[in-house]
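S.K.: After the structure tokens below, expect a handful of questions from me.
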Amino acid sequence: MSTIARKIIPRTNNGTGSFVLQCRKMVFNYCEKWGSNKGMIEYIRNDLVKFAKENPQIEIVVQPRPAHHPIIRGLYLNGRDKVICTRNLTPKEIKTKVELLRDSSGEKMKDLTKKPVISTTESVRGIWSPFNSNPHTI
């Protein structure tokens, strides 16, 4: 891109000028003989074509995986992937898992139990010290 074009065309971030879905590919693995794959087979037969038409930017791959439980693998633009096991799930539950993978960013899950802010002072008043108190009370 030339320098003039860089000045004219503004640089957009994801969500401000255009939105780029982070999920680039979904792989559906199933086994036709195992009973735990019943919901996945039904979802592939009835609902997957509709999902693929609604999301043309996602590559859909259906692969048989003999003698295994069904899984859905989401591959993302950042190079990461997420795998969800759909053993014994209904097609409706599988649909929610597929939407979860589609809407996910591919980033690693963050532990929300830790403190969100890292600071040198743990409270608003700062770190307590006996030297901070009134010298007449010591």
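Ligands are numbered from 1 in the order shown, chains are lettered A, B, ... in the order of the structure tokens, and residues start at 1 in each chain.
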Identify all residues of segment 23-119 of chain A in strand (DSSP E or B) (DSSP on the backbone) and supply them as a tab-separated table (two decimals) with C-alpha atoms, in the first residue's frame.

M.R.:
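Okay, this is what ended up in part35.tsv:
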chain	number	residue	atom	x	y	z
A	23	CYS	CA	-13.48	-18.56	14.10
A	24	ARG	CA	-12.19	-19.62	10.69
A	25	LYS	CA	-12.95	-23.36	10.65
A	26	MET	CA	-15.07	-25.94	12.47
A	27	VAL	CA	-14.44	-29.66	12.33
A	28	PHE	CA	-17.23	-32.06	13.33
A	29	ASN	CA	-16.00	-35.57	14.22
A	30	TYR	CA	-18.43	-38.41	14.86
A	59	GLU	CA	-15.16	-23.44	6.79
A	60	ILE	CA	-17.18	-26.51	7.84
A	61	VAL	CA	-15.56	-29.96	7.77
A	62	VAL	CA	-17.36	-33.20	8.70
A	63	GLN	CA	-15.09	-36.17	9.37
A	64	PRO	CA	-15.94	-39.65	10.56
A	71	ILE	CA	-16.28	-33.65	19.20
A	72	ILE	CA	-16.43	-30.21	17.63
A	73	ARG	CA	-13.12	-28.46	17.05
A	74	GLY	CA	-13.03	-24.72	16.43
A	75	LEU	CA	-9.92	-23.29	14.74
A	76	TYR	CA	-9.26	-19.56	15.10
A	81	ASP	CA	-8.15	-24.20	18.68
A	82	LYS	CA	-10.89	-25.21	21.11
A	83	VAL	CA	-12.41	-28.66	21.38
A	84	ILE	CA	-15.82	-29.48	22.88
A	85	CYS	CA	-16.98	-33.04	23.48

S.K.: Name the residues in contact with Tyr43 of chain A at a cut-off of 9 Å, using only C-alpha atoms, excluding same-chain residues fewer than 4 positions from it; report them as a list of chain:residue names.

M.R.: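 Neighbouring residues, sequence-local ones excluded: A:Lys38, A:Gly39, A:Asp47, A:Leu48, A:Thr90, A:Pro91, A:Lys92, A:Ile94, A:Lys95.
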
S.K.: With C-alpha atoms retained, write the just-selected residues as a PDB file, in the first residue's frame.

M.R.:
ATOM      1  CA  LYS A  38     -26.780 -40.003  18.072  1.00  0.00           C
ATOM      2  CA  GLY A  39     -27.369 -36.298  18.744  1.00  0.00           C
ATOM      3  CA  ASP A  47     -29.114 -28.304  11.260  1.00  0.00           C
ATOM      4  CA  LEU A  48     -25.555 -28.079   9.955  1.00  0.00           C
ATOM      5  CA  THR A  90     -29.197 -33.404  22.039  1.00  0.00           C
ATOM      6  CA  PRO A  91     -29.099 -31.457  18.749  1.00  0.00           C
ATOM      7  CA  LYS A  92     -30.369 -28.362  20.570  1.00  0.00           C
ATOM      8  CA  ILE A  94     -25.035 -29.143  20.265  1.00  0.00           C
ATOM      9  CA  LYS A  95     -26.374 -26.016  18.541  1.00  0.00           C
TER      10      LYS A  95
END

S.K.: Using only C-alpha atoms for the distances, tell me which of A:Leu100, A:Leu112, A:Ala67, A:Cys31 is nearest to Ile44 of chain A.

M.R.: A:Cys31

S.K.: What separation in Å, quoted to one decimal, exists between atom CA of Lys108 of chain A and atom CA of Lys53 of chain A?

M.R.: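 Going from atom CA of Lys108 of chain A over to atom CA of Lys53 of chain A covers 28.3 Å.
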
S.K.: For atom CA of Phe19 of chain A and atom CA of Gln57 of chain A, quote the distance in Å rounded to one decimal.

M.R.: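 Spanning atom CA of Phe19 of chain A to atom CA of Gln57 of chain A is a straight-line distance of 11.7 Å.
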